[in-house]
Structure formats: structure tokens, C-alpha cells
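Raw start-v4.cif, mmCIF, N, CA and C atoms:
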```
data_run
#
loop_
_atom_site.label_atom_id
_atom_site.label_comp_id
_atom_site.auth_asym_id
_atom_site.auth_seq_id
_atom_site.Cartn_x
_atom_site.Cartn_y
_atom_site.Cartn_z
N MET A 1 0.85 -1.17 0.00
CA MET A 1 0.00 0.00 0.00
C MET A 1 0.90 1.23 0.00
N ARG A 2 0.59 2.17 -0.87
CA ARG A 2 1.36 3.41 -0.96
C ARG A 2 0.93 4.34 0.16
N GLU A 3 1.90 4.91 0.88
CA GLU A 3 1.61 5.87 1.94
C GLU A 3 1.18 7.20 1.34
N LEU A 4 0.29 7.89 2.01
CA LEU A 4 -0.13 9.22 1.56
C LEU A 4 1.01 10.20 1.82
N THR A 5 1.10 11.19 1.00
CA THR A 5 2.19 12.15 1.10
C THR A 5 2.14 12.92 2.42
N GLU A 6 3.31 13.23 2.95
CA GLU A 6 3.38 13.99 4.21
C GLU A 6 3.28 15.48 3.99
N LYS A 7 3.26 15.94 2.75
CA LYS A 7 3.19 17.37 2.44
C LYS A 7 1.79 17.93 2.61
N VAL A 8 0.81 17.08 2.67
CA VAL A 8 -0.58 17.51 2.77
C VAL A 8 -0.89 17.79 4.24
N PRO A 9 -1.50 18.94 4.55
CA PRO A 9 -1.84 19.22 5.95
C PRO A 9 -2.86 18.20 6.46
N PRO A 10 -2.82 17.91 7.74
CA PRO A 10 -3.75 16.92 8.29
C PRO A 10 -5.19 17.42 8.23
N PRO A 11 -6.14 16.49 8.07
CA PRO A 11 -7.55 16.88 8.05
C PRO A 11 -8.02 17.24 9.46
N PRO A 12 -9.15 17.92 9.57
CA PRO A 12 -9.71 18.20 10.89
C PRO A 12 -9.97 16.90 11.65
N ASP A 13 -9.95 16.99 12.97
CA ASP A 13 -10.08 15.80 13.81
C ASP A 13 -11.38 15.03 13.60
N ASP A 14 -12.44 15.71 13.20
CA ASP A 14 -13.72 15.02 13.05
C ASP A 14 -13.98 14.55 11.61
N SER A 15 -12.97 14.60 10.76
CA SER A 15 -13.15 14.17 9.37
C SER A 15 -13.26 12.66 9.27
N ILE A 16 -13.92 12.25 8.22
CA ILE A 16 -14.02 10.83 7.88
C ILE A 16 -13.40 10.67 6.51
N GLU A 17 -12.57 9.65 6.36
CA GLU A 17 -11.97 9.35 5.06
C GLU A 17 -12.82 8.33 4.35
N VAL A 18 -13.11 8.62 3.09
CA VAL A 18 -13.81 7.67 2.23
C VAL A 18 -12.85 7.36 1.10
N TYR A 19 -12.53 6.10 0.92
CA TYR A 19 -11.68 5.68 -0.18
C TYR A 19 -12.55 5.04 -1.24
N VAL A 20 -12.38 5.51 -2.48
CA VAL A 20 -13.22 5.05 -3.59
C VAL A 20 -12.34 4.50 -4.69
N GLU A 21 -12.61 3.27 -5.09
CA GLU A 21 -11.89 2.67 -6.20
C GLU A 21 -12.42 3.28 -7.50
N LEU A 22 -11.53 3.95 -8.21
CA LEU A 22 -11.89 4.64 -9.46
C LEU A 22 -10.76 4.50 -10.46
N GLU A 23 -11.10 4.72 -11.70
CA GLU A 23 -10.07 4.92 -12.71
C GLU A 23 -9.66 6.39 -12.58
N GLU A 24 -8.39 6.67 -12.79
CA GLU A 24 -7.88 8.02 -12.55
C GLU A 24 -8.63 9.07 -13.37
N GLU A 25 -9.02 8.76 -14.58
CA GLU A 25 -9.74 9.72 -15.43
C GLU A 25 -11.10 10.08 -14.83
N ALA A 26 -11.71 9.17 -14.09
CA ALA A 26 -13.03 9.41 -13.51
C ALA A 26 -12.96 10.32 -12.28
N LEU A 27 -11.77 10.46 -11.72
CA LEU A 27 -11.62 11.29 -10.53
C LEU A 27 -12.05 12.73 -10.78
N TYR A 28 -11.75 13.25 -11.94
CA TYR A 28 -12.09 14.64 -12.27
C TYR A 28 -13.60 14.83 -12.36
N PHE A 29 -14.29 13.84 -12.90
CA PHE A 29 -15.75 13.90 -12.97
C PHE A 29 -16.34 13.85 -11.56
N LEU A 30 -15.84 12.93 -10.74
CA LEU A 30 -16.30 12.82 -9.36
C LEU A 30 -16.07 14.14 -8.62
N ASP A 31 -14.90 14.72 -8.78
CA ASP A 31 -14.58 15.98 -8.13
C ASP A 31 -15.54 17.09 -8.55
N ALA A 32 -15.84 17.19 -9.82
CA ALA A 32 -16.75 18.22 -10.32
C ALA A 32 -18.15 18.05 -9.74
N VAL A 33 -18.60 16.81 -9.65
CA VAL A 33 -19.94 16.56 -9.10
C VAL A 33 -19.98 16.90 -7.62
N ILE A 34 -18.98 16.46 -6.87
CA ILE A 34 -18.94 16.74 -5.43
C ILE A 34 -18.88 18.24 -5.16
N GLU A 35 -18.16 18.99 -5.99
CA GLU A 35 -18.09 20.45 -5.82
C GLU A 35 -19.46 21.10 -5.96
N GLY A 36 -20.35 20.48 -6.71
CA GLY A 36 -21.69 21.02 -6.89
C GLY A 36 -22.57 20.88 -5.66
N TYR A 37 -22.11 20.12 -4.68
CA TYR A 37 -22.87 19.91 -3.44
C TYR A 37 -22.24 20.70 -2.31
N ASP A 38 -22.30 21.97 -2.36
CA ASP A 38 -21.83 22.95 -1.37
C ASP A 38 -21.12 22.39 -0.13
N GLY A 39 -19.89 21.97 -0.32
CA GLY A 39 -19.04 21.64 0.82
C GLY A 39 -19.28 20.33 1.52
N ILE A 40 -19.90 19.35 0.88
CA ILE A 40 -20.14 18.08 1.58
C ILE A 40 -18.87 17.26 1.72
N ALA A 41 -17.92 17.45 0.82
CA ALA A 41 -16.70 16.64 0.86
C ALA A 41 -15.59 17.33 0.08
N ASN A 42 -14.38 16.81 0.27
CA ASN A 42 -13.21 17.31 -0.43
C ASN A 42 -12.54 16.13 -1.11
N VAL A 43 -12.53 16.13 -2.43
CA VAL A 43 -11.91 15.06 -3.20
C VAL A 43 -10.43 15.36 -3.31
N ARG A 44 -9.60 14.39 -2.94
CA ARG A 44 -8.16 14.56 -2.98
C ARG A 44 -7.58 13.79 -4.16
N ARG A 45 -6.43 14.19 -4.60
CA ARG A 45 -5.73 13.48 -5.69
C ARG A 45 -4.88 12.34 -5.14
N GLU A 46 -4.87 12.20 -3.83
CA GLU A 46 -4.09 11.15 -3.18
C GLU A 46 -4.81 9.82 -3.33
N TYR A 47 -4.05 8.77 -3.42
CA TYR A 47 -4.65 7.45 -3.51
C TYR A 47 -3.76 6.44 -2.82
N ARG A 48 -4.34 5.28 -2.56
CA ARG A 48 -3.57 4.16 -2.08
C ARG A 48 -3.82 3.01 -3.04
N GLU A 49 -2.87 2.13 -3.13
CA GLU A 49 -3.04 0.97 -4.00
C GLU A 49 -3.37 -0.23 -3.13
N VAL A 50 -4.45 -0.91 -3.48
CA VAL A 50 -4.87 -2.11 -2.78
C VAL A 50 -5.05 -3.19 -3.84
N GLU A 51 -4.20 -4.21 -3.77
CA GLU A 51 -4.25 -5.31 -4.74
C GLU A 51 -4.25 -4.81 -6.18
N GLY A 52 -3.43 -3.78 -6.44
CA GLY A 52 -3.29 -3.25 -7.80
C GLY A 52 -4.34 -2.23 -8.22
N ASP A 53 -5.33 -1.99 -7.37
CA ASP A 53 -6.38 -1.01 -7.68
C ASP A 53 -6.11 0.30 -6.95
N LYS A 54 -6.44 1.42 -7.60
CA LYS A 54 -6.28 2.73 -6.97
C LYS A 54 -7.57 3.10 -6.23
N GLU A 55 -7.41 3.46 -4.96
CA GLU A 55 -8.52 3.94 -4.16
C GLU A 55 -8.22 5.39 -3.79
N PHE A 56 -9.02 6.31 -4.32
CA PHE A 56 -8.79 7.73 -4.10
C PHE A 56 -9.44 8.18 -2.80
N ARG A 57 -8.81 9.15 -2.16
CA ARG A 57 -9.21 9.63 -0.84
C ARG A 57 -10.16 10.81 -0.96
N ILE A 58 -11.24 10.73 -0.20
CA ILE A 58 -12.22 11.81 -0.10
C ILE A 58 -12.41 12.09 1.39
N LEU A 59 -12.38 13.36 1.77
CA LEU A 59 -12.61 13.74 3.16
C LEU A 59 -14.01 14.33 3.29
N THR A 60 -14.71 13.90 4.31
CA THR A 60 -16.06 14.43 4.56
C THR A 60 -16.25 14.53 6.07
N SER A 61 -17.29 15.22 6.48
CA SER A 61 -17.60 15.34 7.91
C SER A 61 -18.66 14.30 8.26
N PRO A 62 -18.76 13.95 9.54
CA PRO A 62 -19.76 12.96 9.94
C PRO A 62 -21.18 13.34 9.52
N GLY A 63 -21.50 14.62 9.54
CA GLY A 63 -22.85 15.06 9.17
C GLY A 63 -23.15 14.96 7.68
N CYS A 64 -22.13 14.83 6.87
CA CYS A 64 -22.31 14.76 5.42
C CYS A 64 -21.98 13.38 4.84
N LEU A 65 -21.63 12.43 5.69
CA LEU A 65 -21.21 11.12 5.20
C LEU A 65 -22.28 10.44 4.36
N ASP A 66 -23.50 10.39 4.85
CA ASP A 66 -24.57 9.70 4.11
C ASP A 66 -24.80 10.33 2.75
N GLN A 67 -24.83 11.64 2.68
CA GLN A 67 -25.04 12.32 1.40
C GLN A 67 -23.86 12.09 0.46
N THR A 68 -22.65 12.12 1.00
CA THR A 68 -21.46 11.88 0.19
C THR A 68 -21.50 10.48 -0.42
N LEU A 69 -21.82 9.49 0.39
CA LEU A 69 -21.90 8.11 -0.10
C LEU A 69 -23.01 7.95 -1.13
N GLU A 70 -24.12 8.61 -0.91
CA GLU A 70 -25.24 8.55 -1.86
C GLU A 70 -24.83 9.11 -3.22
N VAL A 71 -24.13 10.24 -3.21
CA VAL A 71 -23.67 10.86 -4.45
C VAL A 71 -22.69 9.93 -5.18
N ILE A 72 -21.74 9.38 -4.43
CA ILE A 72 -20.75 8.49 -5.04
C ILE A 72 -21.43 7.27 -5.64
N ARG A 73 -22.33 6.65 -4.92
CA ARG A 73 -23.03 5.45 -5.43
C ARG A 73 -23.87 5.79 -6.66
N ASP A 74 -24.48 6.95 -6.66
CA ASP A 74 -25.31 7.35 -7.79
C ASP A 74 -24.47 7.53 -9.06
N LEU A 75 -23.21 7.90 -8.90
CA LEU A 75 -22.34 8.10 -10.06
C LEU A 75 -22.05 6.80 -10.80
N ARG A 76 -22.36 5.67 -10.21
CA ARG A 76 -22.17 4.38 -10.89
C ARG A 76 -22.97 4.30 -12.18
N ARG A 77 -23.94 5.16 -12.34
CA ARG A 77 -24.71 5.20 -13.60
C ARG A 77 -23.88 5.77 -14.73
N PHE A 78 -22.80 6.51 -14.39
CA PHE A 78 -22.02 7.24 -15.40
C PHE A 78 -20.56 6.79 -15.52
N ILE A 79 -19.97 6.38 -14.40
CA ILE A 79 -18.56 6.00 -14.38
C ILE A 79 -18.39 4.73 -13.56
N PHE A 80 -17.23 4.09 -13.71
CA PHE A 80 -16.92 2.94 -12.88
C PHE A 80 -16.60 3.43 -11.47
N VAL A 81 -17.35 2.93 -10.51
CA VAL A 81 -17.07 3.15 -9.10
C VAL A 81 -17.02 1.76 -8.47
N GLY A 82 -15.85 1.39 -7.99
CA GLY A 82 -15.68 0.07 -7.38
C GLY A 82 -15.94 0.11 -5.89
N LYS A 83 -15.03 -0.49 -5.17
CA LYS A 83 -15.12 -0.60 -3.72
C LYS A 83 -15.12 0.77 -3.05
N ILE A 84 -15.98 0.94 -2.05
CA ILE A 84 -16.03 2.16 -1.25
C ILE A 84 -15.76 1.77 0.20
N THR A 85 -14.73 2.41 0.80
CA THR A 85 -14.34 2.10 2.16
C THR A 85 -14.40 3.36 3.00
N VAL A 86 -15.04 3.28 4.16
CA VAL A 86 -15.16 4.41 5.08
C VAL A 86 -14.27 4.15 6.27
N GLU A 87 -13.42 5.14 6.60
CA GLU A 87 -12.49 5.01 7.73
C GLU A 87 -12.49 6.28 8.56
N GLU A 88 -12.39 6.13 9.86
CA GLU A 88 -12.21 7.28 10.75
C GLU A 88 -10.80 7.82 10.56
N VAL A 89 -10.61 9.12 10.62
CA VAL A 89 -9.27 9.70 10.53
C VAL A 89 -8.55 9.40 11.84
N LYS A 90 -7.32 8.93 11.71
CA LYS A 90 -6.54 8.54 12.90
C LYS A 90 -5.70 9.68 13.40
#
```

File written out as C-alpha cells:
Amino acid sequence: MRELTEKVPPPPDDSIEVYVELEEEALYFLDAVIEGYDGIANVRREYREVEGDKEFRILTSPGCLDQTLEVIRDLRRFIFVGKITVEEVK
């Protein structure tokens, strides 16, 4: 697994990390859609590799987690969205 870069400032303590398996080209579409939902999440260009697949990092708050996941799942109609993993920020 590739470690996330140390140059990125740490997220707020109450953030939740959502990792989404995507093709890199689809990340820009996901980012544009998420931006349309007034601050529910922050799509990062950082990713980790799990069994050869790229899982991109998205930061969201606990109050926006359900809406963020709903938006991501709905995008399956337009782009490949694989595994979605939710993790507490450590």
C-alpha cells in the first residue's frame, strides 16, 4: 500500500476518510460533481493501491457522510465506481 504524502496538511479531527476505487480519469468527474454539493466533501488526488487497484481519498464530515456516499453510489450510472471504504481519521 502506498503511503499518503506527508506534504498535505492533516484533516480536521472530526473528518471521515472515504476511499473510492476509481479509474484516474473518472476522478475529475467525481470531483466536479462533489463540488456542486456545497461543501459536503473534499476530493483529494491522493490514492492508495490495494491489490493493484487505486482507491482515491475523499474527506467528509460525519454530518455529510450519508449524502457523500449517496452521491458516489449514484455516479455508478455514469462511471466505474468500485469498492467504497469508510475510515475514521486517525

* To do: Please evaluate the PyMOL selection byres ((chain A and resi 22-26) around 6.5) against the displayed coordinates and give the resulting residues as a list of chain:residue names.
  => A:Val20, A:Glu21, A:Leu27, A:Tyr28, A:Phe29, A:Leu30, A:Asp31, A:Lys54, A:Glu55, A:Phe56, A:Phe80, A:Val81, A:Gly82, A:Lys83

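Computed from the coordinates, the CA of Tyr19 in chain A to CA of Glu87 in chain A distance equals 8.0 Å.
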
* To do: May I ask for the distance between atom C of Asp53 in chain A and CA of Asp14 in chain A, given in Å to one decimal place?
  => 26.0 Å

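For the atom pair formed by CA of Asp38 in chain A and CA of Ser15 in chain A, the distance is 16.4 Å, given to one decimal.
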
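You can rank A:Ala32, A:Ile40, A:Ile84, A:Ile16 by their closest distance to Gln67 in chain A using all atoms listed in the file, and at the top of that list sits A:Ile40.
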
* **Secondary structure check, helix (DSSP H, G or I) residues of range 35-85 of chain A, as number ranges by chain** => A: 35, 62-77

* Which of A:Arg73, A:Ala41, A:Tyr47, A:Gly36 sits closest to Leu59 in chain A [using all atoms listed in the file] ->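 Closest to Leu59 in chain A of all the choices is A:Ala41.
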
With 6 Å on each side, where is the centre of the axis-aligned box around all listed atoms of range 50-54 of chain A, and how long are its edges in Å to one decimal, as AutoDock Vina command-line options?
```
--center_x -5.4 --center_y -1.1 --center_z -5.5 --size_x 16.3 --size_y 20.4 --size_z 17.4
```

* Structure fact -> In terms of only C-alpha atoms, the residue from A:Val89, A:Ile58, A:Cys64, A:Ile72 at minimal distance from Arg44 in chain A is A:Ile58

* Taking (-18.0, 9.5, 2.6) in the file's own coordinates, collect the residues within 5 Å, counting only N, CA and C atoms, and hand them back as a count of residues only. => 4

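For the residues A:Val43, A:Arg57, A:Val71, A:Asp66, ranking by smallest atom-to-atom distance to Glu17 in chain A using all atoms listed in the file places A:Arg57 first.
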
* When DSSP works through the backbone of this structure, what residues of range 49-85 of chain A end up as strand (DSSP E), shown as number ranges by chain? -> A: 49-50, 53-60, 84-85
